[in-house]
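Comments concern the structure below.
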Amino acid sequence: MFKIYLYCYYNAVRSSRRIERECKRNIELMWLTGGLAPDHKTIANFRKENKKAIENAHREFIRICDELKLIGKEIVAIDGTKVKANNSRKNNVTISKLNKMIEHHEENIHEYLKQLSQNDIAESTDTIKSKLKKAQIKKQECQELISKMEEEGVREKSLIDPDSHQMGVSNNGTDIAYNVQSCVDAKEHIIVTTDVVTSPADQTQLYSMAKKVAEELKISESEVLTVLADKGYWRVEDIVSCDSDDKINAIVAVPKDRGTPGYKKSDFKYNRETDEYICPMGHVMKRWKGKTATYTNSKACKECPNRDKCTKSSHGRTILRNEHEDIIEEAINRYKENSELYRMRQQLVEHPFGTMKRILGFTHFLTRRLENVKTENYLHVITYNLKRVLSIFRVPELVEQLNRIKQQSTDLIDCISNQISIISTFFCLKMV
């Protein structure tokens, strides 16, 4: 069953009903299954009932890639992409949308009652009464849904797949989707770790994904894993967590300062030796005595010709320095010093997304609920990694390498045997 899934996903056939048809008409699949043709329910149930096994298959394949020296364990790039959920926009509601629907149903109810008071024909009266009842039921359903959403403390809800949410997508629009996280190794563009989250923002994912990569690749105490991420992952808490972990060296793009036009905090330079800030006009801002690290120079602010560009406060501009400011400054300097290395990020992590979406057709999920979507995503990633490996090795060469590893690594015998069995089936895909 797993071979059937890999073969079909490799050929951009994903629906269980389409897989069922392929098993009956595709000669390669007939050879692969020995003439067996499971029905679509059996095919769908295999994925549903073997979530952990499919996740373990991904981990096994990463271990094999490591043994084949396809993973550098030095640089990884992290990024997220939005993949459409099995939930239409029509079946995604907000409280404001529901209130508008209630208003619409109330107008219909009022119109139907008005028609009933003026209509004496029995047949048309029954029709109007039926429409009136439907409008009243729909209004009640909307009111109940609003009450439920208020109890749960949410402003938005998907009716078909409750775990999916409205998210911004690449065409500058929105869609009901999941946020797929991916960590790609720099050596051969192998996806070493993946996850699916329901939050549209990437901000909380930096340290959790970086730590997961370090655990998956078994980074030792003497090794350091460099993690590249865009400004969407910039979050003080995650930067601090990465800094405290000796195995992770995070290089994250720095987001632009937000706020009104004028001088930003980044325009003020901190002198560590004297514990002072230098403002853009060259004035020294000294620290107030007290627990809060606050720096100011009210006298200079009063006489400053550019005061309007800096502050509207009568006491002048103040700069607050929090307890993690040193770590944040180090992270900013690290990003600036490694600008050339950071440029690798896009070509590393966007390439797998492009292959998965454009070539393998993984533009949307077929399953619903987060745990099922994660399993489907693992199948996507396994398929991509297999395609990547088969583009590096010819199949006979790959099987030979696997047999070599099997003889050398006793702890990987079962894992290697499974992979040889799976890889061998792809002779029919890539004949030499």
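For the structure tokens, the naming scheme is as follows: chains receive sequential letters (A, B, ...) according to their order of presentation, residues are indexed from 1 within each chain, and ligands are indexed from 1 in presentation order.
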
- Message: Taking the DSSP secondary structure from the backbone, can you list the residues of range 178-259 of chain A that are helix (DSSP H, G or I), as an MDAnalysis selection string?
- Response: chainID A and resid 206:216 231:233 236:244

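When only C-alpha atoms are used to compute distances to Ala12 in chain A, the closest of the residues A:Gln115, A:Thr363, A:Gln166, A:Thr375 turns out to be A:Thr363.
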
Near Val373 in chain A, counting only C-alpha atoms, which residues have an atom at most 10 Å away, once you skip same-chain residues fewer than 2 positions from it, shown as a PDB file with N, CA, C and O atoms, in the first residue's frame?
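selection.pdb was written with the following content:
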```
ATOM      1  N   ALA A  85      -6.580  24.415   2.093  1.00  0.00           N
ATOM      2  CA  ALA A  85      -7.252  23.364   2.857  1.00  0.00           C
ATOM      3  C   ALA A  85      -8.469  22.863   2.087  1.00  0.00           C
ATOM      4  O   ALA A  85      -8.916  23.485   1.119  1.00  0.00           O
ATOM      5  N   ASN A  86      -8.993  21.746   2.537  1.00  0.00           N
ATOM      6  CA  ASN A  86     -10.208  21.181   1.926  1.00  0.00           C
ATOM      7  C   ASN A  86     -11.426  21.864   2.547  1.00  0.00           C
ATOM      8  O   ASN A  86     -12.263  21.240   3.193  1.00  0.00           O
ATOM      9  N   ASP A 163      -9.881  23.099  11.641  1.00  0.00           N
ATOM     10  CA  ASP A 163      -8.492  23.440  11.958  1.00  0.00           C
ATOM     11  C   ASP A 163      -7.879  24.419  10.963  1.00  0.00           C
ATOM     12  O   ASP A 163      -6.830  25.004  11.226  1.00  0.00           O
ATOM     13  N   SER A 164      -8.484  24.581   9.796  1.00  0.00           N
ATOM     14  CA  SER A 164      -7.949  25.484   8.774  1.00  0.00           C
ATOM     15  C   SER A 164      -8.373  26.919   9.060  1.00  0.00           C
ATOM     16  O   SER A 164      -9.384  27.155   9.726  1.00  0.00           O
ATOM     17  N   TYR A 178      -3.509  25.982   5.268  1.00  0.00           N
ATOM     18  CA  TYR A 178      -2.611  25.615   6.359  1.00  0.00           C
ATOM     19  C   TYR A 178      -1.235  26.196   6.052  1.00  0.00           C
ATOM     20  O   TYR A 178      -0.906  26.451   4.893  1.00  0.00           O
ATOM     21  N   VAL A 180       2.499  25.364   5.938  1.00  0.00           N
ATOM     22  CA  VAL A 180       3.429  24.228   5.900  1.00  0.00           C
ATOM     23  C   VAL A 180       4.853  24.746   6.108  1.00  0.00           C
ATOM     24  O   VAL A 180       5.339  25.578   5.345  1.00  0.00           O
ATOM     25  N   ASP A 195       6.635  20.401   9.067  1.00  0.00           N
ATOM     26  CA  ASP A 195       5.522  20.464  10.019  1.00  0.00           C
ATOM     27  C   ASP A 195       4.399  21.269   9.382  1.00  0.00           C
ATOM     28  O   ASP A 195       4.612  21.996   8.408  1.00  0.00           O
ATOM     29  N   VAL A 196       3.202  21.127   9.931  1.00  0.00           N
ATOM     30  CA  VAL A 196       2.049  21.905   9.477  1.00  0.00           C
ATOM     31  C   VAL A 196       1.446  22.595  10.689  1.00  0.00           C
ATOM     32  O   VAL A 196       1.192  21.953  11.714  1.00  0.00           O
ATOM     33  N   VAL A 197       1.246  23.914  10.597  1.00  0.00           N
ATOM     34  CA  VAL A 197       0.678  24.678  11.700  1.00  0.00           C
ATOM     35  C   VAL A 197      -0.562  25.418  11.221  1.00  0.00           C
ATOM     36  O   VAL A 197      -0.743  25.664  10.025  1.00  0.00           O
ATOM     37  N   PHE A 365      -4.571  20.372  -0.001  1.00  0.00           N
ATOM     38  CA  PHE A 365      -4.731  19.147   0.775  1.00  0.00           C
ATOM     39  C   PHE A 365      -6.061  18.488   0.434  1.00  0.00           C
ATOM     40  O   PHE A 365      -7.065  19.165   0.200  1.00  0.00           O
ATOM     41  N   LEU A 366      -6.047  17.165   0.437  1.00  0.00           N
ATOM     42  CA  LEU A 366      -7.274  16.409   0.184  1.00  0.00           C
ATOM     43  C   LEU A 366      -7.948  15.980   1.480  1.00  0.00           C
ATOM     44  O   LEU A 366      -9.144  15.697   1.493  1.00  0.00           O
ATOM     45  N   THR A 367      -7.176  15.927   2.568  1.00  0.00           N
ATOM     46  CA  THR A 367      -7.708  15.487   3.856  1.00  0.00           C
ATOM     47  C   THR A 367      -8.103  16.686   4.711  1.00  0.00           C
ATOM     48  O   THR A 367      -7.776  17.832   4.392  1.00  0.00           O
ATOM     49  N   ARG A 368      -8.792  16.399   5.801  1.00  0.00           N
ATOM     50  CA  ARG A 368      -9.243  17.437   6.734  1.00  0.00           C
ATOM     51  C   ARG A 368      -8.760  17.122   8.141  1.00  0.00           C
ATOM     52  O   ARG A 368      -8.491  15.979   8.466  1.00  0.00           O
ATOM     53  N   ARG A 369      -8.698  18.160   8.952  1.00  0.00           N
ATOM     54  CA  ARG A 369      -8.205  18.139  10.329  1.00  0.00           C
ATOM     55  C   ARG A 369      -6.679  18.040  10.334  1.00  0.00           C
ATOM     56  O   ARG A 369      -6.056  17.425   9.482  1.00  0.00           O
ATOM     57  N   LEU A 370      -6.087  18.697  11.326  1.00  0.00           N
ATOM     58  CA  LEU A 370      -4.643  18.909  11.363  1.00  0.00           C
ATOM     59  C   LEU A 370      -3.849  17.609  11.354  1.00  0.00           C
ATOM     60  O   LEU A 370      -2.859  17.485  10.629  1.00  0.00           O
ATOM     61  N   GLU A 371      -4.242  16.617  12.150  1.00  0.00           N
ATOM     62  CA  GLU A 371      -3.462  15.387  12.239  1.00  0.00           C
ATOM     63  C   GLU A 371      -3.442  14.644  10.899  1.00  0.00           C
ATOM     64  O   GLU A 371      -2.419  14.057  10.518  1.00  0.00           O
ATOM     65  N   THR A 375      -0.126  14.055   8.103  1.00  0.00           N
ATOM     66  CA  THR A 375       0.230  12.786   7.472  1.00  0.00           C
ATOM     67  C   THR A 375       0.344  12.938   5.961  1.00  0.00           C
ATOM     68  O   THR A 375       1.292  12.451   5.340  1.00  0.00           O
ATOM     69  N   GLU A 376      -0.614  13.645   5.373  1.00  0.00           N
ATOM     70  CA  GLU A 376      -0.567  13.885   3.928  1.00  0.00           C
ATOM     71  C   GLU A 376       0.677  14.689   3.553  1.00  0.00           C
ATOM     72  O   GLU A 376       1.315  14.429   2.525  1.00  0.00           O
ATOM     73  N   ASN A 377       1.032  15.641   4.401  1.00  0.00           N
ATOM     74  CA  ASN A 377       2.225  16.449   4.128  1.00  0.00           C
ATOM     75  C   ASN A 377       3.500  15.598   4.168  1.00  0.00           C
ATOM     76  O   ASN A 377       4.420  15.809   3.382  1.00  0.00           O
ATOM     77  N   TYR A 378       3.565  14.645   5.108  1.00  0.00           N
ATOM     78  CA  TYR A 378       4.725  13.750   5.154  1.00  0.00           C
ATOM     79  C   TYR A 378       4.847  12.960   3.856  1.00  0.00           C
ATOM     80  O   TYR A 378       5.958  12.738   3.352  1.00  0.00           O
ATOM     81  N   LEU A 379       3.727  12.533   3.293  1.00  0.00           N
ATOM     82  CA  LEU A 379       3.758  11.825   2.012  1.00  0.00           C
ATOM     83  C   LEU A 379       4.278  12.740   0.905  1.00  0.00           C
ATOM     84  O   LEU A 379       5.034  12.310   0.032  1.00  0.00           O
TER      85      LEU A 379
END
```

- In terms of the shortest atom-to-atom distance over only C-alpha atoms, which of A:Thr204, A:Ser244, A:Ser298, A:Asn249 is closest to Leu225 in chain A?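 Among the listed residues, the smallest separation from Leu225 in chain A belongs to A:Asn249.
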
- Message: I'd like the interatomic distance between CA of Glu55 in chain A and CA of Ile248 in chain A, to a tenth of an Å.
- Response: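 Spanning CA of Glu55 in chain A to CA of Ile248 in chain A is a straight-line distance of 24.2 Å.
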
- Task: Rank A:Ala253, A:Leu116, A:Leu6, A:Leu398 by their smallest atom-to-atom distance to Lys231 in chain A, using only C-alpha atoms, and report the top residue only.
- Result: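 Closest to Lys231 in chain A, using only C-alpha atoms: A:Ala253.
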
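The smallest atom-to-atom distance between Phe362 in chain A and any of A:Val381, A:Ile392, A:Leu320, A:Ile405, using only C-alpha atoms, is found for A:Val381.
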
- Message: One number please: CA of Lys336 in chain A to CA of Thr226 in chain A, in Å, one decimal.
- Response: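 Going from CA of Lys336 in chain A over to CA of Thr226 in chain A, I get 14.8 Å.
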
Please produce, as a Markdown table, a per-residue contact table for range 22-100 of chain A versus range 339-344 of chain A (criterion: any atom at most 12 Å away, only C-alpha atoms considered), showing the nearest atom pair and its distance in Å to one decimal, sorted by chain then residue number.
```
| residue | atom | partner | partner_atom | distance |
| --- | --- | --- | --- | --- |
| A:Ile75 | CA | A:Leu341 | CA | 9.5 |
| A:Val76 | CA | A:Met344 | CA | 9.6 |
| A:Ala77 | CA | A:Met344 | CA | 8.2 |
| A:Ile78 | CA | A:Met344 | CA | 11.3 |
```

Include C-alpha atoms and write out the residues we just selected as a PDB file, in the first residue's frame.
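The file below, again-v8.pdb, is the result:
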```pdb
ATOM      1  CA  ILE A  75      23.354  24.956   6.910  1.00  0.00           C
ATOM      2  CA  VAL A  76      19.570  24.661   6.714  1.00  0.00           C
ATOM      3  CA  ALA A  77      16.978  27.138   5.464  1.00  0.00           C
ATOM      4  CA  ILE A  78      13.548  27.454   7.065  1.00  0.00           C
TER       5      ILE A  78
END
```
